[in-house]
>>> print(open('data.txt').read())   # compact mmCIF, C-alpha atoms and all ligand atoms
# COMPACT_ATOMS: atom_id res chain seq x y z
CA MET C 1 -23.26 22.29 3.34
CA ALA C 2 -20.73 21.49 6.04
CA ASN C 3 -18.86 24.52 7.33
CA ASP C 4 -15.63 25.28 5.56
CA PRO C 5 -12.74 23.74 7.51
CA GLU C 6 -10.46 25.97 9.49
CA TYR C 7 -7.27 25.84 7.49
CA LEU C 8 -4.03 26.64 9.25
CA TYR C 9 -2.49 26.98 5.81
CA ASN C 10 -4.22 27.13 2.48
CA ASN C 11 -2.13 27.38 -0.65
CA ARG C 12 -4.30 26.76 -3.72
CA MET C 13 -2.50 26.74 -7.03
CA LYS C 14 -3.71 25.83 -10.49
CA HIS C 15 -2.75 22.16 -10.32
CA LYS C 16 -1.82 21.75 -6.66
CA ASP C 17 -3.58 22.50 -3.36
CA ILE C 18 -1.66 22.36 -0.11
CA LEU C 19 -4.08 22.38 2.82
CA VAL C 20 -3.11 22.18 6.46
CA PHE C 21 -6.07 21.47 8.70
CA LYS C 22 -6.54 22.40 12.34
CA ASN C 23 -6.98 18.73 13.19
CA SER C 24 -7.31 15.36 11.52
CA ASP C 25 -11.11 15.31 11.93
CA GLN C 26 -11.33 18.27 9.59
CA LEU C 27 -8.79 16.67 7.25
CA GLU C 28 -10.88 13.53 6.96
CA GLU C 29 -14.10 15.50 6.57
CA PHE C 30 -12.54 17.39 3.66
CA ALA C 31 -11.19 14.15 2.17
CA ILE C 32 -14.65 12.56 2.23
CA ARG C 33 -16.16 15.62 0.56
CA LYS C 34 -13.43 15.47 -2.09
CA TRP C 35 -14.02 11.73 -2.60
CA ASN C 36 -17.76 12.40 -2.92
CA ALA C 37 -17.22 15.17 -5.47
CA VAL C 38 -14.70 13.27 -7.60
CA ALA C 39 -16.79 10.08 -7.51
CA GLY C 40 -19.96 11.97 -8.40
CA ASP C 41 -18.34 13.66 -11.39
CA ALA C 42 -16.78 10.40 -12.58
CA ILE C 43 -20.02 8.43 -12.33
CA GLU C 44 -21.96 11.22 -14.05
CA GLN C 45 -19.42 11.55 -16.88
CA ARG C 46 -18.23 7.96 -17.34
CA GLY C 47 -20.62 5.76 -15.42
CA LEU C 48 -18.12 4.60 -12.85
CA PHE C 49 -15.47 5.80 -10.38
CA THR C 50 -12.00 4.26 -10.12
CA ALA C 51 -9.83 4.74 -7.04
CA ALA C 52 -6.46 3.29 -6.07
CA LEU C 53 -5.85 3.20 -2.32
CA SER C 54 -2.67 3.12 -0.27
CA GLY C 55 -1.97 1.17 2.87
CA GLY C 56 -0.21 2.31 6.01
CA SER C 57 -1.82 3.87 9.08
CA SER C 58 -2.68 7.38 7.90
CA PRO C 59 -5.75 6.50 5.82
CA VAL C 60 -7.33 4.06 8.33
CA THR C 61 -9.72 6.60 9.85
CA LEU C 62 -10.70 7.90 6.42
CA TYR C 63 -11.50 4.36 5.22
CA LYS C 64 -13.62 3.71 8.32
CA GLU C 65 -15.51 6.98 7.83
CA LEU C 66 -15.96 6.28 4.11
CA SER C 67 -17.55 2.95 5.05
CA GLU C 68 -20.22 4.91 6.96
CA THR C 69 -20.87 7.23 4.02
CA ASP C 70 -23.72 6.67 1.56
CA LEU C 71 -21.84 6.45 -1.73
CA LYS C 72 -22.50 4.69 -5.06
CA TRP C 73 -20.33 1.69 -4.22
CA ASP C 74 -21.90 -0.34 -7.00
CA ARG C 75 -20.32 2.12 -9.46
CA THR C 76 -17.04 2.28 -7.61
CA HIS C 77 -13.95 0.20 -8.44
CA ILE C 78 -11.21 -0.12 -5.83
CA PHE C 79 -7.60 -0.87 -6.77
CA ILE C 80 -4.53 -1.04 -4.53
CA VAL C 81 -1.63 1.42 -4.94
CA ASP C 82 0.89 -0.97 -3.51
CA GLU C 83 0.97 -4.26 -1.66
CA ARG C 84 3.24 -6.25 0.52
CA PHE C 85 3.85 -9.67 -1.04
CA VAL C 86 2.07 -11.55 1.76
CA PRO C 87 -1.22 -13.51 1.87
CA PHE C 88 -4.44 -11.50 2.02
CA ASP C 89 -4.97 -12.50 5.66
CA HIS C 90 -1.46 -11.49 6.77
CA ASN C 91 -1.30 -8.71 9.39
CA ASP C 92 0.88 -6.61 7.06
CA SER C 93 -1.38 -6.95 4.01
CA ASN C 94 -2.68 -3.61 2.71
CA TYR C 95 -5.62 -5.44 1.18
CA ARG C 96 -6.44 -6.90 4.60
CA MET C 97 -6.40 -3.42 6.20
CA ILE C 98 -8.49 -1.86 3.41
CA ASN C 99 -10.91 -4.77 3.55
CA GLU C 100 -11.30 -4.61 7.33
CA THR C 101 -11.70 -0.82 7.50
CA LEU C 102 -13.73 -0.26 4.33
CA LEU C 103 -14.57 -3.03 1.87
CA SER C 104 -16.15 -5.52 4.26
CA ASN C 105 -18.40 -2.77 5.63
CA ILE C 106 -19.94 -1.51 2.38
CA HIS C 107 -22.19 -2.99 -0.32
CA ILE C 108 -19.58 -3.15 -3.07
CA PRO C 109 -19.75 -5.97 -5.62
CA GLN C 110 -16.80 -8.36 -5.30
CA GLN C 111 -15.97 -7.85 -8.97
CA ASN C 112 -15.43 -4.14 -8.20
CA ILE C 113 -12.51 -4.97 -5.90
CA HIS C 114 -9.13 -5.45 -7.57
CA PRO C 115 -6.46 -6.65 -5.12
CA VAL C 116 -2.88 -7.43 -6.06
CA PRO C 117 -2.71 -11.25 -6.49
CA THR C 118 -0.24 -12.22 -3.77
CA GLN C 119 -1.52 -15.74 -3.19
CA LYS C 120 1.26 -17.50 -5.09
CA GLY C 121 4.38 -17.06 -7.22
CA SER C 122 6.60 -14.01 -6.72
CA SER C 123 6.26 -10.25 -6.45
CA ASP C 124 7.52 -10.00 -10.04
CA GLU C 125 4.79 -12.37 -11.22
CA ALA C 126 2.19 -10.54 -9.13
CA ALA C 127 3.23 -7.24 -10.73
CA VAL C 128 2.73 -8.68 -14.22
CA LEU C 129 -0.67 -10.05 -13.23
CA TYR C 130 -1.67 -6.68 -11.76
CA GLU C 131 -0.65 -4.94 -14.96
CA ARG C 132 -2.98 -7.32 -16.81
CA THR C 133 -5.76 -6.53 -14.33
CA MET C 134 -5.39 -2.81 -15.05
CA SER C 135 -4.97 -3.28 -18.81
CA SER C 136 -8.06 -5.44 -19.01
CA PHE C 137 -10.22 -3.24 -16.81
CA PHE C 138 -9.24 0.03 -18.50
CA LYS C 139 -9.24 -1.62 -21.96
CA LEU C 140 -5.73 -0.35 -22.63
CA SER C 141 -3.69 -0.62 -25.81
CA SER C 142 -0.32 -2.33 -25.44
CA ASP C 143 1.38 0.90 -24.34
CA GLY C 144 -1.68 2.44 -22.71
CA ILE C 145 -1.73 3.92 -19.20
CA PRO C 146 -4.84 3.82 -16.98
CA VAL C 147 -6.45 7.07 -15.89
CA PHE C 148 -7.62 6.62 -12.32
CA ASP C 149 -10.16 9.14 -11.08
CA LEU C 150 -8.44 9.21 -7.70
CA ILE C 151 -5.19 7.87 -6.30
CA LEU C 152 -4.72 8.16 -2.53
CA LEU C 153 -1.10 8.28 -1.38
CA GLY C 154 0.84 8.51 1.84
CA VAL C 155 4.46 9.41 2.37
CA GLY C 156 7.03 7.59 4.46
CA ASP C 157 9.57 9.27 6.73
CA ASP C 158 12.15 8.57 3.99
CA GLY C 159 10.02 10.27 1.36
CA HIS C 160 8.77 7.06 -0.27
CA THR C 161 5.26 6.93 -1.65
CA ALA C 162 3.36 3.89 -2.80
CA SER C 163 6.17 1.34 -2.58
CA LEU C 164 8.57 3.52 -4.54
CA PHE C 165 11.57 3.92 -2.27
CA PRO C 166 14.52 6.33 -2.48
CA GLY C 167 17.23 5.02 -4.80
CA SER C 168 15.03 2.22 -6.13
CA PRO C 169 15.24 1.26 -9.83
CA ALA C 170 11.42 1.30 -9.74
CA LEU C 171 11.54 5.12 -9.59
CA THR C 172 12.65 5.47 -13.19
CA VAL C 173 10.46 2.79 -14.75
CA LYS C 174 8.49 4.29 -17.62
CA ASP C 175 7.25 1.23 -19.53
CA ARG C 176 5.46 -0.66 -16.78
CA LEU C 177 2.16 -0.13 -14.95
CA ALA C 178 3.23 -2.10 -11.88
CA VAL C 179 6.56 -3.44 -10.67
CA SER C 180 8.08 -5.50 -7.93
CA SER C 181 9.86 -3.26 -5.44
CA ILE C 182 12.30 -4.24 -2.70
CA PRO C 183 12.15 -1.95 0.36
CA PRO C 184 15.33 -0.90 2.16
CA ASP C 185 14.39 -3.05 5.15
CA GLU C 186 13.61 -6.67 4.32
CA SER C 187 11.17 -6.84 7.26
CA MET C 188 8.93 -4.60 5.16
CA HIS C 189 8.35 -7.51 2.75
CA ASP C 190 8.84 -7.51 -1.00
CA ARG C 191 6.34 -5.16 -2.57
CA VAL C 192 4.24 -4.70 -5.68
CA SER C 193 3.65 -1.04 -6.60
CA ILE C 194 1.99 0.92 -9.33
CA THR C 195 4.52 3.11 -11.09
CA PHE C 196 4.87 6.87 -11.56
CA PRO C 197 3.47 6.76 -15.11
CA VAL C 198 0.22 5.42 -13.61
CA ILE C 199 0.26 7.72 -10.58
CA ASN C 200 0.95 10.86 -12.62
CA ASN C 201 -1.77 9.97 -15.13
CA ALA C 202 -4.55 10.21 -12.54
CA ARG C 203 -7.25 12.88 -12.63
CA ASN C 204 -6.84 13.48 -8.90
CA ILE C 205 -3.92 12.55 -6.65
CA VAL C 206 -4.48 13.04 -2.92
CA PHE C 207 -1.70 12.83 -0.36
CA LEU C 208 -3.10 12.25 3.12
CA ILE C 209 -0.33 12.93 5.63
CA LYS C 210 -0.65 13.06 9.40
CA GLY C 211 1.78 13.29 12.32
CA GLY C 212 4.74 15.38 13.39
CA ASN C 213 7.15 12.68 12.23
CA LYS C 214 6.25 13.65 8.66
CA ALA C 215 6.74 17.43 9.09
CA GLY C 216 10.36 17.34 7.92
CA VAL C 217 9.73 15.24 4.82
CA VAL C 218 6.65 17.33 3.96
CA LYS C 219 8.77 20.50 4.04
CA ASP C 220 11.49 18.79 1.98
CA VAL C 221 8.98 17.66 -0.63
CA LEU C 222 6.92 20.85 -0.82
CA GLU C 223 9.40 23.63 -0.16
CA ASN C 224 12.95 22.35 -0.37
CA GLY C 225 12.38 20.71 -3.75
CA ASN C 226 14.36 17.66 -2.67
CA SER C 227 14.04 15.75 -5.92
CA ASN C 228 15.69 12.67 -4.39
CA LEU C 229 12.48 12.04 -2.49
CA PRO C 230 10.09 9.81 -4.45
CA ALA C 231 7.04 11.76 -3.22
CA ALA C 232 8.51 14.82 -4.98
CA SER C 233 8.16 12.96 -8.29
CA VAL C 234 4.38 12.92 -8.01
CA LYS C 235 3.50 15.53 -10.64
CA PRO C 236 0.20 14.84 -12.42
CA SER C 237 0.48 15.38 -16.17
CA LYS C 238 -3.09 16.69 -16.47
CA GLY C 239 -4.75 16.06 -13.13
CA LYS C 240 -4.93 17.86 -9.81
CA LEU C 241 -2.67 17.23 -6.81
CA PHE C 242 -3.83 17.69 -3.24
CA PHE C 243 -1.70 17.62 -0.10
CA LEU C 244 -4.02 17.17 2.88
CA LEU C 245 -1.99 17.64 6.04
CA ASP C 246 -2.93 17.66 9.68
CA GLN C 247 -1.57 20.42 11.92
CA HIS C 248 1.46 18.35 12.87
CA ALA C 249 2.52 17.19 9.41
CA GLY C 250 2.25 20.75 8.09
CA ALA C 251 3.94 22.38 11.07
CA LEU C 252 7.19 23.33 9.30
CA LEU C 253 5.70 24.84 6.16
CA SER C 254 6.55 28.53 5.65
CA GLY C 255 3.75 31.02 5.92
CA ARG C 256 2.02 29.10 8.65
C1 LIG O 1 2.48 1.03 2.52
C2 LIG O 1 1.91 2.31 1.99
C3 LIG O 1 2.96 3.38 2.07
C4 LIG O 1 2.43 4.39 3.05
C5 LIG O 1 3.54 5.20 3.66
C6 LIG O 1 3.00 6.03 4.83
O1 LIG O 1 2.27 -0.02 1.94
O2 LIG O 1 3.08 1.12 3.60
O3 LIG O 1 1.27 2.24 0.85
O4 LIG O 1 3.31 4.01 0.89
O5 LIG O 1 1.51 5.25 2.39
O6 LIG O 1 4.52 4.29 4.16
O7 LIG O 1 2.57 5.12 5.82
P1 LIG O 1 1.85 5.68 7.15
O8 LIG O 1 0.54 6.25 6.69
O9 LIG O 1 1.68 4.43 8.00
O10 LIG O 1 2.74 6.69 7.75
>>> encode(input="data.txt", output="structure tokens", more="lines below")
Ligand code: 6PG
Amino acid sequence: MANDPEYLYNNRMKHKDILVFKNSDQLEEFAIRKWNAVAGDAIEQRGLFTAALSGGSSPVTLYKELSETDLKWDRTHIFIVDERFVPFDHNDSNYRMINETLLSNIHIPQQNIHPVPTQKGSSDEAAVLYERTMSSFFKLSSDGIPVFDLILLGVGDDGHTASLFPGSPALTVKDRLAVSSIPPDESMHDRVSITFPVINNARNIVFLIKGGNKAGVVKDVLENGNSNLPAASVKPSKGKLFFLLDQHAGALLSGR
């Protein structure tokens, strides 16, 4: 059993763990162990493991390390938390990043990979198609909501998570599984994002946050209760919430 990480801060509550690690190596090592544990339980109990992954830069190292880990990829299904409405081979595509760092380096059946269909049409149309992908895979009733085993999230400097941005109408959507979302800066491309009803229905939600530029928003979300920040609306209805922070992102938390 790997040694327990050296936490700089370790606040374990019933439904939420806030863990600040001494460095990002330990953060990623913990994240892989958590992935392993959640996937193992899911496969044992339900025969498969469903994970929805975010883009951005924070999870890149984790995805690369996961690709070197011996996991039951044939029982694993990968979905995308949010996507930029660009072709799969576009530099800004989350699918492209996740494929390059993880999917193309593991033996996962192609039918186990569920990207957002951005090849044609519009972000609105892609959102509808992605809802159908989730409804079909999870065999949902008309008003059903998927239960992902794990949803991996990041947080932006502005407190966004997935592609749910401050002040966006997408924040209050309750009757959709995925929506089109327009970021505050048009250079960030139109987006498709899963919604809070899907996020908050997960068995495990893991925020992976690194870097001193996130320390302020982490404190706002975790201690200042700034409800205007979308990341503060991540509150699993039944599942467990984990904030995995490196020493920089967790630097402003009290009690450190
Ligand atoms: C995206 C992500 C987004 C990301 C945050 C944090 O499409 O950009 O899904 O929600 O998690 O913006 O990004 P960094 O990890 O790059 O800071």
>>> residues_near_ligand(input="data.txt", ligand="ligand LIG 1 (chain O)", cutoff="8 Å", atoms="all atoms listed in the file", output="ChimeraX atom specification")
/C:53-59,81-84,94,153-157,160-164,191,208-210,214
>>> residues_near_point(input="data.txt", point="(5.0, -8.2, -8.7)", cutoff="8 Å", atoms="all atoms listed in the file", output="VMD selection string")
chain C and resid 85 122 to 130 178 to 181 191 to 193
>>> closest_residue(input="data.txt", among="C:Lys120, C:Asn10, C:Pro169, C:Leu71", to="C:Phe88", atoms="all atoms listed in the file")
C:Lys120
>>> residues_around(input="data.txt", residues="C:Val38", least_positions_apart="3", cutoff="10 Å", atoms="only C-alpha atoms", output="list of chain:residue names")
C:Ile32, C:Arg33, C:Lys34, C:Trp35, C:Asp41, C:Ala42, C:Ile43, C:Glu44, C:Phe49, C:Thr50, C:Ala51, C:Asp149, C:Leu150, C:Arg203, C:Asn204
>>> closest_residue(input="data.txt", among="C:Glu186, C:Glu131, C:Asp92, C:Asp74", to="C:Pro146", atoms="all atoms listed in the file")
C:Glu131
>>> decode(input="data.txt", residues="stretch 195-207 of chain C", atoms="N, CA and C atoms", output="compact mmCIF listing (two decimals), in the first residue's frame")
# COMPACT_ATOMS: atom_id res chain seq x y z
N THR C 195 -25.05 19.47 -17.30
CA THR C 195 -25.68 20.45 -16.42
C THR C 195 -25.53 20.05 -14.94
N PHE C 196 -25.91 20.96 -14.06
CA PHE C 196 -25.79 20.65 -12.63
C PHE C 196 -26.65 19.45 -12.21
N PRO C 197 -27.84 19.27 -12.77
CA PRO C 197 -28.58 18.05 -12.38
C PRO C 197 -27.77 16.78 -12.63
N VAL C 198 -27.00 16.75 -13.71
CA VAL C 198 -26.18 15.56 -14.00
C VAL C 198 -24.98 15.52 -13.05
N ILE C 199 -24.30 16.66 -12.92
CA ILE C 199 -23.11 16.71 -12.05
C ILE C 199 -23.47 16.30 -10.63
N ASN C 200 -24.54 16.89 -10.09
CA ASN C 200 -24.88 16.65 -8.68
C ASN C 200 -25.53 15.30 -8.43
N ASN C 201 -25.75 14.54 -9.53
CA ASN C 201 -26.32 13.20 -9.37
C ASN C 201 -25.24 12.11 -9.35
N ALA C 202 -23.99 12.52 -9.45
CA ALA C 202 -22.89 11.55 -9.53
C ALA C 202 -22.62 10.90 -8.18
N ARG C 203 -22.06 9.71 -8.21
CA ARG C 203 -21.68 9.03 -6.96
C ARG C 203 -20.44 9.66 -6.34
N ASN C 204 -19.54 10.12 -7.24
CA ASN C 204 -18.31 10.77 -6.77
C ASN C 204 -17.99 11.94 -7.69
N ILE C 205 -17.79 13.11 -7.10
CA ILE C 205 -17.39 14.30 -7.86
C ILE C 205 -16.02 14.71 -7.33
N VAL C 206 -15.05 14.80 -8.22
CA VAL C 206 -13.68 15.13 -7.82
C VAL C 206 -13.24 16.41 -8.51
N PHE C 207 -12.99 17.44 -7.69
CA PHE C 207 -12.34 18.66 -8.22
C PHE C 207 -10.84 18.45 -8.13
